[in-house]
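A.B. asks: Quick one: structure below, then a few questions.
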Amino acid sequence: KQYLVKNTQKVTLNSQLCCSIPYDFSEHKNKHFKEYVGNFFSCITMNATDTVIQLAQTHKTKPDPNGLVFGTVFTDHMLTIEWSLEEGWQKPHIQPFGNLSIHPGCSALHYAVQLFEGMKAYRGPDNKVRLFRPMINMKRMLKSAHRACLPSFDCAELLECIKKLVEVDQDWVPHSDSASLYIRPTFLGTEPTLGVKKPNKALLFVILGPVGSYFSTGAKPVSLWADSKYIRAWRGGTGDCKMGGNYGASIYAQYEAVDYGCQQVLWLYGDDHQITEVGTMNLFLYWINEKGEEELATPPLDGIILPGVTRQSILELGRKWGEFKVSERYLTMADLRQALEENRVREMFGSGTACVVSPVGRILYQGENLHIPCEGSFSPLASRLLKELTDIQVRHQTHNTLHDIFYRPI
């Protein structure tokens, strides 16, 4: 990798960052040239080639992939990368999985200066381990970091660090079409101060764990509780970033949904009860719209909606097929109720990394159960999308629209 070009004062890092350095790069004048450049880039990003690997002496027993509960089992190793304003990014460390030591006054604990990502590694029938569109996750994480006033990093370098971690723990990737290895990068402010300000210290870490089906119903349609008294996000807020506070604040409403006999919350927004997201998923409505057109619709990315990787992939697949209209548009509960009364609704489903595609069977809204058409456990389009995405994720099908799939042979 070439970080700089001789006799120029411009340095470009992975075509993503370009900055000027007031320094004479002439080799015969600067004996500490390499040291200077190395120190400069440590201020900008971590360097995957500097990764220090310490292997665990003992290994955990790997669970049966058929009995996995989401987020309860973790692998033998983790990745940690420290950052400080004074020294920049430190060397990445892959080390045995264990507890973190964090100052009780750090901003992550007091003011939710924290964010995370979620992605998966899959094992195909050819025994290769693959990540699905990981660069989209990295770019979204960088956007969230900017919003949280956490330090910037180079997406490609962080991805290389994560790939090294997955390679170390590759035996944890389940030999199963219904299970995968969940990857959870997390980034938090760690400066030991109670001041409400941009942190001068931070920690980026990544943990892994095998996962099965996200919902207790498996592939069965989920039920939703729609009530406008709770709001997940608002314009000008952080709803389009993957921050922990967005999710922690939603737990209370989630349990109220359970009290009403539903599994998830259908988040509404505004006086017209705009449909936004489903629990932790993006939402899709497959229907005959007001103009009589067959349409797959999802709410637009207006600052309220999280730009999901699966959401983007479904939109790209639908447009590639060219069999129906694909739209990013506003949808209200009045639109949905009227369409149900006129038998224009074909399917509704959520999408996300954890569940991939999850059909919706019922919505409790203003005391009325709205039943969404669903043939068996999976409706036709949701089933088709699930199969198409799973085939790409597990079997590495070639797709022009899904071009940035990464895979690493074992």
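Chain labels run A, B, ... following the order of the structure tokens; each chain numbers its residues from 1, and ligands are numbered from 1 in the order shown.
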Out of segment 194-238 of chain A, which residues get strand (DSSP E or B) from DSSP, as a list in words?

C.D. replies: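 Everything in segment 194-238 of chain A that counts as strand (DSSP E or B) is Lys201, Ala202, Leu203, Leu204, Phe205, Val206, Ile207, Leu208, Gly209, Pro210, Val211, Val222, Ser223, Leu224, Trp225 and Ala226 of chain A.
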
A.B. asks: Neighbouring residues of segment 351-359 of chain A were defined as those with any atom within 7 Å, considering only C-alpha atoms; residues of the same chain fewer than 6 positions away were excluded. Please report them as a count of residues only.

C.D. replies: 15

A.B. asks: From a DSSP pass on the backbone, collect the residues of segment 100-221 of chain A flagged as alpha helix (DSSP H) and hand them back as a VMD selection string.

C.D. replies: chain A and resid 107 to 111 134 to 147 155 to 168

A.B. asks: With N, CA and C atoms retained, could you export that selection as an mmCIF file, in the first residue's frame?

C.D. replies:
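See part10.cif below for the written result:
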data_model
loop_
_atom_site.group_PDB
_atom_site.id
_atom_site.type_symbol
_atom_site.label_atom_id
_atom_site.label_comp_id
_atom_site.auth_asym_id
_atom_site.auth_seq_id
_atom_site.Cartn_x
_atom_site.Cartn_y
_atom_site.Cartn_z
ATOM 1 N N SER A 107 -17.553 9.199 29.256
ATOM 2 C CA SER A 107 -18.759 9.747 28.631
ATOM 3 C C SER A 107 -19.666 8.681 28.041
ATOM 4 N N ALA A 108 -19.126 7.521 27.696
ATOM 5 C CA ALA A 108 -19.972 6.454 27.164
ATOM 6 C C ALA A 108 -20.981 5.993 28.207
ATOM 7 N N LEU A 109 -20.569 5.951 29.471
ATOM 8 C CA LEU A 109 -21.452 5.492 30.542
ATOM 9 C C LEU A 109 -22.446 6.563 30.971
ATOM 10 N N HIS A 110 -22.058 7.837 30.885
ATOM 11 C CA HIS A 110 -22.906 8.909 31.402
ATOM 12 C C HIS A 110 -23.753 9.579 30.333
ATOM 13 N N TYR A 111 -23.214 9.739 29.134
ATOM 14 C CA TYR A 111 -23.898 10.532 28.117
ATOM 15 C C TYR A 111 -24.116 9.783 26.805
ATOM 16 N N PRO A 134 -19.643 -5.727 3.649
ATOM 17 C CA PRO A 134 -19.168 -5.134 4.912
ATOM 18 C C PRO A 134 -18.768 -3.670 4.804
ATOM 19 N N MET A 135 -18.377 -3.223 3.606
ATOM 20 C CA MET A 135 -17.943 -1.833 3.487
ATOM 21 C C MET A 135 -19.095 -0.858 3.734
ATOM 22 N N ILE A 136 -20.322 -1.281 3.454
ATOM 23 C CA ILE A 136 -21.470 -0.419 3.751
ATOM 24 C C ILE A 136 -21.584 -0.220 5.256
ATOM 25 N N ASN A 137 -21.359 -1.295 6.014
ATOM 26 C CA ASN A 137 -21.375 -1.177 7.472
ATOM 27 C C ASN A 137 -20.276 -0.249 7.970
ATOM 28 N N MET A 138 -19.093 -0.367 7.368
ATOM 29 C CA MET A 138 -17.977 0.467 7.796
ATOM 30 C C MET A 138 -18.267 1.949 7.540
ATOM 31 N N LYS A 139 -18.830 2.257 6.397
ATOM 32 C CA LYS A 139 -19.139 3.653 6.071
ATOM 33 C C LYS A 139 -20.243 4.193 6.974
ATOM 34 N N ARG A 140 -21.218 3.345 7.297
ATOM 35 C CA ARG A 140 -22.277 3.777 8.212
ATOM 36 C C ARG A 140 -21.717 4.010 9.615
ATOM 37 N N MET A 141 -20.773 3.153 10.018
ATOM 38 C CA MET A 141 -20.144 3.326 11.324
ATOM 39 C C MET A 141 -19.353 4.629 11.377
ATOM 40 N N LEU A 142 -18.673 4.957 10.298
ATOM 41 C CA LEU A 142 -17.923 6.212 10.235
ATOM 42 C C LEU A 142 -18.865 7.410 10.336
ATOM 43 N N LYS A 143 -20.012 7.324 9.686
ATOM 44 C CA LYS A 143 -21.010 8.394 9.769
ATOM 45 C C LYS A 143 -21.523 8.545 11.195
ATOM 46 N N SER A 144 -21.801 7.423 11.862
ATOM 47 C CA SER A 144 -22.255 7.471 13.252
ATOM 48 C C SER A 144 -21.183 8.060 14.154
ATOM 49 N N ALA A 145 -19.915 7.711 13.891
ATOM 50 C CA ALA A 145 -18.808 8.238 14.694
ATOM 51 C C ALA A 145 -18.725 9.757 14.568
ATOM 52 N N HIS A 146 -18.915 10.251 13.366
ATOM 53 C CA HIS A 146 -18.891 11.704 13.157
ATOM 54 C C HIS A 146 -20.005 12.376 13.957
ATOM 55 N N ARG A 147 -21.196 11.770 13.959
ATOM 56 C CA ARG A 147 -22.343 12.345 14.687
ATOM 57 C C ARG A 147 -22.127 12.302 16.192
ATOM 58 N N CYS A 155 -12.109 3.292 6.662
ATOM 59 C CA CYS A 155 -13.023 2.145 6.633
ATOM 60 C C CYS A 155 -12.324 0.865 6.202
ATOM 61 N N ALA A 156 -11.455 0.956 5.207
ATOM 62 C CA ALA A 156 -10.771 -0.235 4.701
ATOM 63 C C ALA A 156 -9.837 -0.826 5.748
ATOM 64 N N GLU A 157 -9.173 0.030 6.530
ATOM 65 C CA GLU A 157 -8.268 -0.466 7.566
ATOM 66 C C GLU A 157 -9.042 -1.180 8.671
ATOM 67 N N LEU A 158 -10.158 -0.600 9.104
ATOM 68 C CA LEU A 158 -10.962 -1.258 10.136
ATOM 69 C C LEU A 158 -11.501 -2.587 9.629
ATOM 70 N N LEU A 159 -11.943 -2.623 8.379
ATOM 71 C CA LEU A 159 -12.443 -3.875 7.823
ATOM 72 C C LEU A 159 -11.355 -4.942 7.800
ATOM 73 N N GLU A 160 -10.135 -4.566 7.469
ATOM 74 C CA GLU A 160 -9.037 -5.533 7.479
ATOM 75 C C GLU A 160 -8.799 -6.075 8.888
ATOM 76 N N CYS A 161 -8.909 -5.225 9.887
ATOM 77 C CA CYS A 161 -8.766 -5.684 11.279
ATOM 78 C C CYS A 161 -9.855 -6.691 11.629
ATOM 79 N N ILE A 162 -11.085 -6.405 11.212
ATOM 80 C CA ILE A 162 -12.203 -7.308 11.496
ATOM 81 C C ILE A 162 -12.012 -8.635 10.774
ATOM 82 N N LYS A 163 -11.534 -8.591 9.547
ATOM 83 C CA LYS A 163 -11.280 -9.819 8.793
ATOM 84 C C LYS A 163 -10.237 -10.686 9.492
ATOM 85 N N LYS A 164 -9.227 -10.046 10.069
ATOM 86 C CA LYS A 164 -8.217 -10.800 10.818
ATOM 87 C C LYS A 164 -8.841 -11.485 12.029
ATOM 88 N N LEU A 165 -9.737 -10.782 12.723
ATOM 89 C CA LEU A 165 -10.404 -11.371 13.885
ATOM 90 C C LEU A 165 -11.272 -12.557 13.476
ATOM 91 N N VAL A 166 -12.044 -12.401 12.399
ATOM 92 C CA VAL A 166 -12.884 -13.505 11.916
ATOM 93 C C VAL A 166 -12.023 -14.688 11.502
ATOM 94 N N GLU A 167 -10.881 -14.411 10.913
ATOM 95 C CA GLU A 167 -9.982 -15.490 10.507
ATOM 96 C C GLU A 167 -9.459 -16.254 11.723
ATOM 97 N N VAL A 168 -9.139 -15.538 12.792
ATOM 98 C CA VAL A 168 -8.661 -16.197 14.013
ATOM 99 C C VAL A 168 -9.751 -17.099 14.593
#

A.B. asks: Between atom CA of Ser228 of chain A and atom CA of Gly270 of chain A, what distance in Å does the model show, to one decimal?

C.D. replies: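 Separation between atom CA of Ser228 of chain A and atom CA of Gly270 of chain A: 7.9 Å.
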
A.B. asks: Excluding Lys120 of chain A and its own-chain neighbours fewer than 5 positions away, which residues fall within 8 Å of it when counting only C-alpha atoms? Please give them as a list in words.

C.D. replies: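 Once the nearby chain positions are removed, what remains is Leu131, Phe132, Ser180, Leu181, Tyr182, Ile183 and Thr353 of chain A.
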
A.B. asks: Set the distance at 9 Å and use only C-alpha atoms: which residues neighbour Leu285 of chain A once local chain neighbours fewer than 6 positions away are removed? I'd like the list as a list in words.

C.D. replies: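 After dropping sequence-adjacent residues, the list is Glu295, Leu296, Ala297, Thr298, Leu331, Leu336, Val345, Arg346, Glu347, Met348, Phe349 and Gly350 of chain A.
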
A.B. asks: Could you tell me how far atom CA of Glu328 of chain A sits from atom CA of Gly239 of chain A, in Å to one decimal place?

C.D. replies: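 Atom CA of Glu328 of chain A lies 17.0 Å from atom CA of Gly239 of chain A.
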
A.B. asks: Choose the residue, out of A:Gly361, A:Ile288, A:Thr190, A:Tyr330, that has the smallest atom-to-atom separation from Asn343 of chain A; count only C-alpha atoms.

C.D. replies: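 Closest candidate: A:Ile288.
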
A.B. asks: For a quick check of understanding, using only C-alpha atoms, which of A:Lys387, A:Arg362, A:Lys128, A:Lys229 has the smallest distance to Ala253 of chain A?

C.D. replies: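 Smallest separation from Ala253 of chain A among the options: A:Lys229.
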
A.B. asks: Could you list, as a list of chain:residue names, every residue within 7 Å of Ile53 of chain A, counting only C-alpha atoms and ignoring same-chain residues fewer than 3 positions away?

C.D. replies: A:His93, A:Ile94, A:Gln95

A.B. asks: Kindly save the residues from that selection, with N, CA and C atoms included, as a PDB file, in the first residue's frame.

C.D. replies:
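selection.pdb, freshly written:
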ATOM      1  N   HIS A  93      -5.309  -4.834  18.670  1.00  0.00           N
ATOM      2  CA  HIS A  93      -4.971  -6.034  19.427  1.00  0.00           C
ATOM      3  C   HIS A  93      -6.095  -7.056  19.289  1.00  0.00           C
ATOM      4  N   ILE A  94      -5.743  -8.247  18.830  1.00  0.00           N
ATOM      5  CA  ILE A  94      -6.650  -9.397  18.897  1.00  0.00           C
ATOM      6  C   ILE A  94      -6.210 -10.203  20.103  1.00  0.00           C
ATOM      7  N   GLN A  95      -7.110 -10.373  21.052  1.00  0.00           N
ATOM      8  CA  GLN A  95      -6.757 -10.955  22.338  1.00  0.00           C
ATOM      9  C   GLN A  95      -7.864 -11.875  22.822  1.00  0.00           C
TER      10      GLN A  95
END
